[in-house]
>>> print(open('my_file_30.cif').read())   # mmCIF, C-alpha atoms and all ligand atoms
data_data
#
loop_
_atom_site.label_atom_id
_atom_site.label_comp_id
_atom_site.auth_asym_id
_atom_site.auth_seq_id
_atom_site.Cartn_x
_atom_site.Cartn_y
_atom_site.Cartn_z
CA MET T 1 -98.72 -203.71 258.62
CA PRO T 2 -95.92 -202.13 260.67
CA ASP T 3 -97.47 -198.85 261.76
CA GLU T 4 -94.79 -197.42 264.03
CA GLY T 5 -94.12 -193.82 262.97
CA ARG T 6 -96.87 -193.82 260.34
CA GLU T 7 -97.50 -190.34 258.89
CA THR T 8 -99.44 -188.75 256.05
CA LEU T 9 -98.85 -185.42 254.29
CA HIS T 10 -101.49 -182.93 253.20
CA GLN T 11 -100.76 -180.04 250.87
CA LEU T 12 -103.14 -177.11 250.70
CA ILE T 13 -102.59 -174.96 247.60
CA CYS T 14 -104.22 -171.56 247.06
CA GLY T 15 -104.65 -171.49 243.33
CA ASP T 16 -106.70 -172.22 240.24
CA SER T 17 -107.27 -175.88 239.47
CA ARG T 18 -107.80 -175.17 235.78
CA ASP T 19 -104.01 -175.54 235.76
CA LEU T 20 -102.72 -178.51 237.75
CA SER T 21 -99.34 -178.68 236.02
CA GLY T 22 -97.68 -178.54 239.47
CA ILE T 23 -99.06 -182.01 240.23
CA PRO T 24 -97.00 -184.78 238.63
CA PRO T 25 -98.81 -186.84 236.01
CA ALA T 26 -100.33 -190.16 237.18
CA SER T 27 -99.64 -189.37 240.85
CA VAL T 28 -103.17 -189.30 242.32
CA ASP T 29 -105.25 -192.35 243.30
CA LEU T 30 -108.61 -190.71 244.01
CA VAL T 31 -110.39 -187.41 243.42
CA VAL T 32 -113.23 -186.47 245.79
CA THR T 33 -114.72 -183.11 244.98
CA SER T 34 -117.69 -180.83 244.58
CA PRO T 35 -117.44 -177.96 242.07
CA PRO T 36 -119.34 -174.69 242.21
CA TYR T 37 -122.76 -175.66 240.78
CA PRO T 38 -123.53 -173.98 237.44
CA MET T 39 -126.77 -171.94 237.45
CA ILE T 40 -127.01 -171.87 241.25
CA ARG T 41 -127.12 -168.15 241.93
CA MET T 42 -124.49 -168.14 244.70
CA TRP T 43 -121.84 -169.15 242.13
CA ASP T 44 -122.73 -166.63 239.36
CA GLU T 45 -120.14 -164.14 240.52
CA LEU T 46 -117.35 -166.75 240.69
CA PHE T 47 -118.12 -168.09 237.20
CA GLY T 48 -118.24 -164.48 235.99
CA ARG T 49 -114.70 -164.03 237.31
CA LEU T 50 -113.52 -167.24 235.60
CA ASN T 51 -115.08 -166.09 232.31
CA PRO T 52 -116.64 -162.61 231.93
CA GLU T 53 -118.83 -163.91 229.08
CA VAL T 54 -120.86 -165.76 231.74
CA GLY T 55 -121.99 -162.44 233.22
CA ALA T 56 -122.85 -161.13 229.77
CA ALA T 57 -124.96 -164.23 228.97
CA LEU T 58 -126.84 -163.93 232.27
CA ALA T 59 -127.38 -160.20 231.70
CA ARG T 60 -129.05 -160.88 228.35
CA GLN T 61 -131.09 -163.66 230.01
CA ASP T 62 -129.59 -166.46 227.96
CA GLY T 63 -129.66 -169.33 230.47
CA PRO T 64 -128.55 -172.17 228.17
CA VAL T 65 -125.47 -170.25 226.97
CA ALA T 66 -124.53 -169.22 230.54
CA PHE T 67 -124.87 -172.88 231.57
CA GLU T 68 -122.55 -174.03 228.76
CA LEU T 69 -119.98 -171.34 229.51
CA MET T 70 -119.91 -172.29 233.19
CA HIS T 71 -119.41 -175.96 232.33
CA ALA T 72 -116.65 -175.03 229.90
CA GLU T 73 -114.70 -173.65 232.90
CA LEU T 74 -115.30 -176.83 234.93
CA GLU T 75 -114.29 -178.93 231.93
CA LYS T 76 -110.80 -177.43 232.08
CA VAL T 77 -110.47 -178.88 235.58
CA TRP T 78 -111.83 -182.30 234.56
CA ALA T 79 -109.20 -182.46 231.81
CA GLN T 80 -106.47 -181.76 234.38
CA LEU T 81 -107.74 -184.65 236.52
CA TRP T 82 -107.26 -187.08 233.65
CA ARG T 83 -103.56 -186.15 233.59
CA ALA T 84 -103.04 -186.19 237.37
CA LEU T 85 -104.77 -189.54 238.01
CA LYS T 86 -103.08 -192.92 237.92
CA PRO T 87 -104.59 -195.50 235.57
CA GLY T 88 -107.29 -197.27 237.61
CA GLY T 89 -107.78 -194.12 239.75
CA TRP T 90 -111.26 -192.93 240.72
CA VAL T 91 -113.15 -189.64 240.50
CA CYS T 92 -116.16 -188.92 242.74
CA VAL T 93 -118.00 -185.68 241.94
CA ASN T 94 -120.74 -184.43 244.25
CA VAL T 95 -123.07 -182.11 242.33
CA GLY T 96 -126.68 -180.98 242.37
CA ASP T 97 -128.85 -179.88 239.48
CA ALA T 98 -130.30 -176.38 239.35
CA THR T 99 -133.77 -175.05 238.65
CA ARG T 100 -133.99 -171.40 237.71
CA ARG T 101 -136.22 -168.84 236.12
CA ILE T 102 -134.40 -166.62 233.65
CA GLY T 103 -136.63 -164.13 231.87
CA ASN T 104 -139.82 -166.03 231.08
CA SER T 105 -138.26 -169.44 231.13
CA PHE T 106 -138.21 -171.69 234.20
CA ARG T 107 -136.22 -174.86 233.61
CA LEU T 108 -133.90 -177.53 234.92
CA TYR T 109 -130.18 -177.17 234.33
CA SER T 110 -128.95 -180.72 234.62
CA ASN T 111 -125.44 -180.38 235.97
CA HIS T 112 -125.01 -184.07 236.64
CA THR T 113 -125.79 -184.96 233.00
CA ARG T 114 -123.48 -182.27 231.65
CA ILE T 115 -120.56 -183.29 233.90
CA THR T 116 -121.08 -186.96 233.01
CA GLN T 117 -120.85 -186.01 229.31
CA SER T 118 -117.61 -184.09 229.95
CA LEU T 119 -115.92 -186.94 231.79
CA LEU T 120 -117.04 -189.56 229.28
CA ARG T 121 -115.65 -187.42 226.46
CA LEU T 122 -112.32 -187.24 228.29
CA GLY T 123 -112.17 -191.05 228.36
CA PHE T 124 -113.34 -191.78 231.92
CA GLN T 125 -115.55 -194.81 232.49
CA ALA T 126 -118.81 -194.11 234.33
CA LEU T 127 -119.70 -196.42 237.22
CA PRO T 128 -122.89 -196.60 239.28
CA LEU T 129 -123.60 -193.28 240.94
CA ILE T 130 -124.97 -192.47 244.39
CA LEU T 131 -128.04 -190.37 245.11
CA TRP T 132 -127.52 -188.31 248.22
CA ARG T 133 -130.87 -187.38 249.66
CA LYS T 134 -130.54 -184.10 251.49
CA GLN T 135 -132.67 -182.85 254.27
CA THR T 136 -134.72 -180.00 252.96
CA ASN T 137 -135.91 -177.21 255.18
CA ALA T 138 -138.18 -175.80 252.49
CA PRO T 139 -141.54 -175.15 254.14
CA ASN T 140 -143.19 -175.11 250.75
CA LYS T 141 -142.45 -178.04 248.47
CA PHE T 142 -144.37 -176.80 245.47
CA LEU T 143 -142.85 -175.00 242.53
CA GLY T 144 -145.12 -173.68 239.84
CA SER T 145 -148.89 -173.97 239.90
CA GLY T 146 -149.27 -175.42 243.42
CA MET T 147 -152.30 -177.73 243.69
CA LEU T 148 -153.27 -177.21 240.06
CA PRO T 149 -152.02 -179.65 237.46
CA ALA T 150 -150.33 -179.64 234.98
CA GLY T 151 -147.86 -176.84 235.69
CA ALA T 152 -146.07 -177.79 238.92
CA TYR T 153 -142.55 -179.09 239.28
CA VAL T 154 -141.14 -181.55 241.79
CA THR T 155 -138.66 -180.21 244.34
CA LEU T 156 -135.00 -181.14 244.05
CA GLU T 157 -134.29 -182.98 247.29
CA HIS T 158 -131.22 -184.94 246.31
CA GLU T 159 -127.79 -184.44 244.88
CA TYR T 160 -125.54 -186.84 242.99
CA ILE T 161 -122.21 -188.41 243.66
CA LEU T 162 -120.99 -189.25 240.16
CA VAL T 163 -118.40 -192.03 240.08
CA PHE T 164 -115.85 -192.52 237.31
CA ARG T 165 -112.66 -194.47 236.80
CA LYS T 166 -109.66 -193.84 234.60
CA ALA T 167 -109.25 -197.07 232.63
CA ALA T 168 -109.51 -200.60 233.96
CA GLY T 169 -109.50 -201.66 237.60
CA ARG T 170 -106.46 -201.37 239.83
CA LYS T 171 -104.26 -204.41 240.55
CA PHE T 172 -102.94 -205.24 244.02
CA ALA T 173 -100.16 -207.68 243.19
CA ALA T 174 -97.21 -207.32 245.59
CA PRO T 175 -97.64 -208.91 249.06
CA GLU T 176 -97.35 -205.51 250.79
CA GLU T 177 -100.07 -204.13 248.49
CA THR T 178 -102.48 -206.93 249.32
CA ALA T 179 -101.66 -206.59 253.05
CA ASN T 180 -102.33 -202.84 252.91
CA ARG T 181 -105.57 -203.44 251.03
CA ARG T 182 -106.70 -205.90 253.72
CA ALA T 183 -105.82 -203.40 256.47
CA SER T 184 -108.00 -200.85 254.59
CA ALA T 185 -111.11 -203.10 254.65
CA LEU T 186 -114.55 -201.94 255.78
CA PHE T 187 -116.74 -203.86 258.19
CA TRP T 188 -119.25 -206.13 256.44
CA GLU T 189 -122.21 -204.13 257.73
CA GLU T 190 -120.59 -200.83 256.66
CA ARG T 191 -119.98 -202.21 253.21
CA ASN T 192 -123.67 -203.08 252.92
CA ALA T 193 -124.75 -199.56 253.85
CA TRP T 194 -122.02 -197.53 252.16
CA TYR T 195 -122.18 -199.31 248.80
CA SER T 196 -125.89 -198.61 248.54
CA ASP T 197 -126.81 -196.22 245.71
CA ALA T 198 -128.89 -194.01 248.03
CA TRP T 199 -127.40 -192.16 250.99
CA ASP T 200 -129.28 -190.26 253.60
CA PHE T 201 -127.30 -188.30 256.16
CA LYS T 202 -130.18 -187.30 258.39
CA GLY T 203 -129.04 -187.47 261.97
CA VAL T 204 -125.34 -186.97 261.21
CA ARG T 205 -124.09 -184.01 263.17
CA GLN T 206 -120.77 -182.25 262.87
CA SER T 207 -119.70 -179.22 264.83
CA LEU T 208 -119.67 -176.98 261.78
CA GLU T 209 -122.98 -178.28 260.50
CA ALA T 210 -124.58 -177.58 263.83
CA THR T 211 -123.73 -173.90 263.48
CA GLY T 212 -125.05 -173.80 259.93
CA SER T 213 -121.80 -172.43 258.59
CA ARG T 214 -121.31 -175.45 256.33
CA GLU T 215 -124.61 -174.71 254.62
CA ARG T 216 -123.48 -171.19 253.82
CA SER T 217 -120.14 -172.38 252.45
CA ALA T 218 -121.70 -175.16 250.29
CA ALA T 219 -119.53 -177.70 252.12
CA PHE T 220 -120.46 -181.35 251.94
CA PRO T 221 -120.70 -183.32 255.19
CA PHE T 222 -117.57 -184.93 256.59
CA GLU T 223 -119.32 -188.31 256.39
CA LEU T 224 -119.73 -188.01 252.61
CA ALA T 225 -115.99 -187.54 252.02
CA TYR T 226 -115.07 -190.02 254.75
CA ARG T 227 -117.06 -192.81 253.09
CA LEU T 228 -115.81 -192.08 249.57
CA VAL T 229 -112.18 -192.01 250.69
CA HIS T 230 -112.60 -195.40 252.40
CA MET T 231 -114.52 -196.92 249.48
CA TYR T 232 -112.29 -195.88 246.59
CA SER T 233 -108.76 -195.79 248.00
CA VAL T 234 -106.49 -197.65 250.41
CA ARG T 235 -104.28 -196.43 253.28
CA GLY T 236 -101.33 -194.39 252.08
CA ASP T 237 -103.01 -193.42 248.75
CA ARG T 238 -103.06 -189.81 247.53
CA VAL T 239 -106.44 -188.04 247.40
CA LEU T 240 -106.98 -184.81 245.46
CA ASP T 241 -109.74 -182.21 245.79
CA PRO T 242 -109.46 -179.48 243.11
CA PHE T 243 -112.34 -177.49 244.70
CA LEU T 244 -111.31 -177.82 248.34
CA GLY T 245 -113.64 -175.18 249.85
CA THR T 246 -113.57 -175.57 253.64
CA GLY T 247 -111.20 -178.56 253.50
CA THR T 248 -113.63 -181.43 254.13
CA THR T 249 -111.92 -183.87 251.72
CA MET T 250 -108.53 -183.10 253.24
CA PHE T 251 -109.88 -183.71 256.75
CA ALA T 252 -111.42 -187.02 255.62
CA ALA T 253 -108.10 -188.08 254.06
CA MET T 254 -106.30 -187.21 257.30
CA ALA T 255 -108.86 -189.25 259.25
CA ALA T 256 -108.51 -192.21 256.89
CA GLY T 257 -104.70 -192.36 256.78
CA ARG T 258 -104.42 -191.19 253.16
CA HIS T 259 -102.23 -188.36 251.82
CA SER T 260 -103.98 -185.44 250.16
CA ILE T 261 -103.70 -182.34 248.00
CA GLY T 262 -106.38 -179.65 248.03
CA ILE T 263 -106.66 -176.65 245.73
CA GLU T 264 -108.82 -173.65 246.52
CA LEU T 265 -109.18 -170.35 244.72
CA GLU T 266 -110.29 -168.28 247.72
CA GLU T 267 -107.35 -167.48 249.98
CA ALA T 268 -109.61 -166.67 252.94
CA LEU T 269 -110.61 -170.35 253.13
CA ALA T 270 -107.00 -171.43 253.73
CA GLU T 271 -107.04 -169.59 257.05
CA ARG T 272 -110.26 -171.28 258.05
CA ILE T 273 -108.88 -174.72 257.10
CA GLY T 274 -105.78 -174.02 259.21
CA ALA T 275 -107.93 -173.15 262.22
CA GLU T 276 -110.08 -176.28 261.83
CA ALA T 277 -107.21 -178.71 261.18
CA ALA T 278 -106.45 -178.62 264.90
CA GLY T 279 -109.82 -180.30 265.56
CA VAL T 280 -109.31 -183.17 263.10
CA ALA T 281 -107.85 -185.62 265.64
CA ARG T 282 -110.98 -185.28 267.78
CA LEU T 283 -113.26 -185.59 264.75
CA ALA T 284 -111.41 -188.59 263.28
CA ASN T 285 -111.04 -190.49 266.52
CA GLY T 286 -114.63 -189.76 267.49
CA ARG T 287 -115.78 -191.29 264.20
CA ILE T 288 -113.60 -194.36 264.81
CA ALA T 289 -115.07 -194.77 268.30
CA GLU T 290 -118.55 -194.61 266.74
CA ARG T 291 -117.62 -197.21 264.12
CA LEU T 292 -116.24 -199.59 266.75
CA GLU T 293 -119.30 -199.12 268.91
CA ALA T 294 -121.65 -199.69 265.98
CA HIS T 295 -119.70 -202.81 265.02
CA ALA T 296 -119.94 -204.22 268.56
CA ALA T 297 -123.71 -203.65 268.58
CA PHE T 298 -124.09 -205.17 265.11
CA MET T 299 -122.07 -208.28 266.02
CA ALA T 300 -123.96 -208.78 269.29
CA ALA T 301 -127.24 -208.85 267.34
CA TYR T 302 -125.69 -210.98 264.57
CA GLU T 303 -124.33 -213.60 266.99
CA ALA T 304 -127.60 -213.66 268.94
CA ARG T 305 -129.34 -214.55 265.68
CA LYS T 306 -126.79 -216.80 264.00
CA GLY T 307 -124.47 -218.10 266.72
CA ALA T 308 -120.75 -217.34 267.16
CA ALA T 309 -119.07 -215.65 264.18
CA ARG T 310 -116.39 -217.70 262.41
CA HIS T 311 -113.80 -214.93 262.19
CA ARG T 312 -112.01 -212.57 264.57
CA ASN T 313 -110.15 -209.37 263.80
CA ARG T 314 -106.44 -209.79 264.60
CA ARG T 315 -105.88 -206.22 265.78
CA TYR T 316 -108.91 -205.88 268.04
CA GLY T 317 -109.78 -209.50 268.83
CA PHE T 318 -113.52 -208.92 268.25
CA PRO T 319 -115.72 -211.05 265.98
CA VAL T 320 -116.25 -210.09 262.32
CA VAL T 321 -118.52 -211.63 259.69
CA THR T 322 -115.98 -212.36 256.92
CA SER T 323 -112.32 -213.33 256.58
CA GLN T 324 -111.77 -210.05 254.65
CA GLU T 325 -112.19 -208.10 257.91
CA THR T 326 -109.60 -209.96 259.98
CA ASP T 327 -106.73 -207.50 259.21
CA LEU T 328 -108.88 -204.33 259.22
CA VAL T 329 -107.24 -201.47 261.17
CA LEU T 330 -108.67 -198.05 261.99
CA ASP T 331 -106.04 -195.31 262.14
CA LEU T 332 -106.25 -193.24 265.31
CA VAL T 333 -104.89 -189.75 264.63
CA ARG T 334 -102.24 -188.66 267.13
CA GLU T 335 -101.50 -185.15 265.86
CA VAL T 336 -102.12 -182.80 262.93
CA ALA T 337 -99.01 -180.59 262.73
CA PRO T 338 -98.99 -177.55 260.43
CA GLU T 339 -95.70 -176.92 258.62
CA SER T 340 -94.77 -174.03 256.36
CA GLY T 341 -96.29 -173.46 252.90
CA GLY T 342 -99.72 -174.97 253.57
CA LEU T 343 -98.34 -178.42 254.42
CA TYR T 344 -99.85 -180.53 257.23
CA ARG T 345 -98.16 -183.61 258.67
CA VAL T 346 -100.46 -186.10 260.38
CA SER T 347 -99.14 -188.78 262.73
CA TYR T 348 -101.07 -191.84 263.87
CA GLU T 349 -101.07 -194.00 266.99
CA PRO T 350 -99.15 -197.24 266.48
CA GLN T 351 -101.47 -200.20 265.96
CA PRO T 352 -99.62 -203.19 267.42
CA LEU T 353 -100.87 -206.62 266.43
CA PRO T 354 -101.21 -209.28 269.13
CA ASP T 355 -98.59 -212.04 269.06
CA PRO T 356 -99.55 -214.71 266.53
C1 LIG T 401 -118.96 -176.32 246.29
S1 LIG T 401 -117.54 -175.58 246.95
C2 LIG T 401 -116.63 -176.95 247.61
C3 LIG T 401 -117.00 -177.25 249.03
C4 LIG T 401 -116.16 -178.34 249.67
N1 LIG T 401 -116.51 -179.67 249.16
C5 LIG T 401 -116.32 -178.31 251.18
O1 LIG T 401 -116.71 -179.33 251.77
O2 LIG T 401 -116.10 -177.26 251.77
C6 LIG T 401 -116.58 -175.18 245.53
C7 LIG T 401 -115.26 -174.50 245.85
O3 LIG T 401 -114.47 -174.46 244.66
C8 LIG T 401 -113.73 -173.25 244.64
N2 LIG T 401 -113.33 -173.02 243.23
C9 LIG T 401 -114.12 -172.69 242.21
N3 LIG T 401 -113.40 -172.64 241.05
C10 LIG T 401 -112.14 -172.98 241.37
C11 LIG T 401 -110.95 -173.13 240.61
N4 LIG T 401 -110.92 -172.91 239.30
N5 LIG T 401 -109.81 -173.49 241.26
C12 LIG T 401 -109.82 -173.73 242.60
N6 LIG T 401 -110.93 -173.60 243.37
C13 LIG T 401 -112.08 -173.23 242.76
C14 LIG T 401 -114.71 -172.24 245.21
O4 LIG T 401 -114.02 -171.10 245.70
C15 LIG T 401 -115.40 -173.07 246.31
O5 LIG T 401 -114.76 -172.89 247.55
#
>>> encode(input="my_file_30.cif", output="structure tokens")
Amino acid sequence: MPDEGRETLHQLICGDSRDLSGIPPASVDLVVTSPPYPMIRMWDELFGRLNPEVGAALARQDGPVAFELMHAELEKVWAQLWRALKPGGWVCVNVGDATRRIGNSFRLYSNHTRITQSLLRLGFQALPLILWRKQTNAPNKFLGSGMLPAGAYVTLEHEYILVFRKAAGRKFAAPEETANRRASALFWEERNAWYSDAWDFKGVRQSLEATGSRERSAAFPFELAYRLVHMYSVRGDRVLDPFLGTGTTMFAAMAAGRHSIGIELEEALAERIGAEAAGVARLANGRIAERLEAHAAFMAAYEARKGAARHRNRRYGFPVVTSQETDLVLDLVREVAPESGGLYRVSYEPQPLPDP
């Protein structure tokens, strides 16, 4: 792919994603998002603002009705996604279930089941989901009757990444489409780990996570968005996050050479995203350096076991396991430049190919 002057655009919109009429129909390739989780206490106030009946239901201790009303607000956003997505486009929703005592009743509020029902009703096809096992700091794992059966409940230690597609699979027909798809390939060993249905991010450290501020903002890790963007889109695609929060999906799209649109209700977060965008080049290029290093280590062990690999990557000259990795390119970010109106322009280092 000729990469000279390659750029991507990222539009941050402060607004309410229950109305996405500003986004042209069938213009988005991938949605990566995480909504406020119904029945998790930290979101009660926000859902109460979206629909005052939520507050009334909670006040009269009617958990099931509050749960339904909260999901009714999220459903408005899911319906907007159907319109904005291209046929063959993907939706990845990170969500956790909630356990809560309301009045005398302690129960599970199964957000992942309820969201799956909503998207199926809208016409999306469900595809295999990912369980994201989270590190839990809870010193006490027992809920309920402790050591005494039969009144204890297991602890929720994982969240879901629900995966859906709008209609049948995408076609890559034109020669430039197939070339771009090949440039967007993953390493064989990454594919084996990333396409597993259980993810565990223990050991992944990001600057924000280290300070704990991501935990307080309910942000998902950069790695989660980074993988999903690489797995379900190709370079130059448009990624949408209707619940942008601290901007993680937008940063992952920047790092992966995709365009993006992010919508966030809370204006204060836009300022924070602006401040952190300056650090994306370091974050993105650091992750690429890690991937290249991990690949070199993997191939050294692979070749020691199996002998010389049969394929070499054309850009980097190093060995790869399959012919699908020979055109793989990793986009090094040169600059993230803020423009007016919440727009960010990202430029990339040229990736010259060696002479054939
Ligand atoms: C779970 S957080 C998303 C965190 C994000 N994935 C990150 O990494 O920072 C959900 C976000 O959705 C926003 N939100 C909730 N309802 C919204 C709506 N109707 N329109 C736009 N944003 C909304 C909240 O303000 C919150 O920042």
>>> closest_residue(input="my_file_30.cif", among="T:Ala296, T:Leu265, T:Leu131, T:Ala57", to="Arg18 in chain T", atoms="only C-alpha atoms")
T:Leu265
>>> residues_around(input="my_file_30.cif", residues="His311 in chain T", least_positions_apart="3", cutoff="9 Å", atoms="all atoms listed in the file", output="list in words")
Ala308, Phe318, Pro319, Val320, Val321, Thr322, Ser323, Glu325 and Thr326 of chain T
>>> closest_residue(input="my_file_30.cif", among="T:Ala56, T:Pro35, T:Met254, T:Lys86", to="Glu73 in chain T", atoms="all atoms listed in the file")
T:Pro35
>>> residues_near_point(input="my_file_30.cif", point="(-101.6, -193.1, 269.7)", cutoff="9 Å", atoms="all atoms listed in the file", output="list in words")
Leu332, Val333, Arg334, Glu335, Ser347, Tyr348, Glu349, Pro350 and Gln351 of chain T
>>> write_last_selection(input="my_file_30.cif", atoms="C-alpha atoms", output="CSV table (one decimal), in the coordinates of the input")
chain,number,residue,atom,x,y,z
T,332,LEU,CA,-106.2,-193.2,265.3
T,333,VAL,CA,-104.9,-189.8,264.6
T,334,ARG,CA,-102.2,-188.7,267.1
T,335,GLU,CA,-101.5,-185.2,265.9
T,347,SER,CA,-99.1,-188.8,262.7
T,348,TYR,CA,-101.1,-191.8,263.9
T,349,GLU,CA,-101.1,-194.0,267.0
T,350,PRO,CA,-99.2,-197.2,266.5
T,351,GLN,CA,-101.5,-200.2,266.0
>>> residues_around(input="my_file_30.cif", residues="Gly169 in chain T", least_positions_apart="2", cutoff="12 Å", atoms="all atoms listed in the file", output="list in words")
Asp29, Lys86, Pro87, Gly88, Gly89, Trp90, Gln125, Leu127, Phe164, Arg165, Lys166, Ala167, Lys171, Phe172, Tyr232 and Ser233 of chain T
>>> write_last_selection(input="my_file_30.cif", atoms="C-alpha atoms", output="PDB file, in the frame of the given file")
ATOM      1  CA  ASP T  29    -105.250-192.350 243.300  1.00  0.00           C
ATOM      2  CA  LYS T  86    -103.080-192.920 237.920  1.00  0.00           C
ATOM      3  CA  PRO T  87    -104.590-195.500 235.570  1.00  0.00           C
ATOM      4  CA  GLY T  88    -107.290-197.270 237.610  1.00  0.00           C
ATOM      5  CA  GLY T  89    -107.780-194.120 239.750  1.00  0.00           C
ATOM      6  CA  TRP T  90    -111.260-192.930 240.720  1.00  0.00           C
ATOM      7  CA  GLN T 125    -115.550-194.810 232.490  1.00  0.00           C
ATOM      8  CA  LEU T 127    -119.700-196.420 237.220  1.00  0.00           C
ATOM      9  CA  PHE T 164    -115.850-192.520 237.310  1.00  0.00           C
ATOM     10  CA  ARG T 165    -112.660-194.470 236.800  1.00  0.00           C
ATOM     11  CA  LYS T 166    -109.660-193.840 234.600  1.00  0.00           C
ATOM     12  CA  ALA T 167    -109.250-197.070 232.630  1.00  0.00           C
ATOM     13  CA  LYS T 171    -104.260-204.410 240.550  1.00  0.00           C
ATOM     14  CA  PHE T 172    -102.940-205.240 244.020  1.00  0.00           C
ATOM     15  CA  TYR T 232    -112.290-195.880 246.590  1.00  0.00           C
ATOM     16  CA  SER T 233    -108.760-195.790 248.000  1.00  0.00           C
TER      17      SER T 233
END
>>> closest_atom_pairs(input="my_file_30.cif", of="range 110-134 of chain T", to="range 186-201 of chain T", cutoff="12 Å", atoms="all atoms listed in the file", output="JSON lines")
{"residue": "T:Leu127", "atom": "CA", "partner": "T:Asp197", "partner_atom": "CA", "distance": 11.1}
{"residue": "T:Pro128", "atom": "CA", "partner": "T:Asp197", "partner_atom": "CA", "distance": 7.5}
{"residue": "T:Leu129", "atom": "CA", "partner": "T:Asp197", "partner_atom": "CA", "distance": 6.5}
{"residue": "T:Ile130", "atom": "CA", "partner": "T:Asp197", "partner_atom": "CA", "distance": 4.4}
{"residue": "T:Leu131", "atom": "CA", "partner": "T:Ala198", "partner_atom": "CA", "distance": 4.7}
{"residue": "T:Trp132", "atom": "CA", "partner": "T:Trp199", "partner_atom": "CA", "distance": 4.7}
{"residue": "T:Arg133", "atom": "CA", "partner": "T:Asp200", "partner_atom": "CA", "distance": 5.1}
{"residue": "T:Lys134", "atom": "CA", "partner": "T:Asp200", "partner_atom": "CA", "distance": 6.6}
>>> closest_residue(input="my_file_30.cif", among="T:Ala98, T:Ala301, T:Ala66, T:Leu244", to="ligand LIG 401 (chain T)", atoms="all atoms listed in the file")
T:Leu244
>>> residues_near_ligand(input="my_file_30.cif", ligand="ligand LIG 401 (chain T)", cutoff="9 Å", atoms="all atoms listed in the file", output="PyMOL selection string")
chain T and resi 13-19+32-37+43+46-47+50+73-74+76-77+94-95+214+217-222+225+241-249+262-267+269
>>> atom_distance(input="my_file_30.cif", atom1="CA of Gln324 in chain T", atom2="CA of Ala255 in chain T")
21.5 Å
>>> atom_distance(input="my_file_30.cif", atom1="CA of Val54 in chain T", atom2="CA of Leu120 in chain T")
24.2 Å
>>> closest_residue(input="my_file_30.cif", among="T:Trp82, T:Gly63, T:Ala281, T:Gly286", to="Asp44 in chain T", atoms="all atoms listed in the file")
T:Gly63
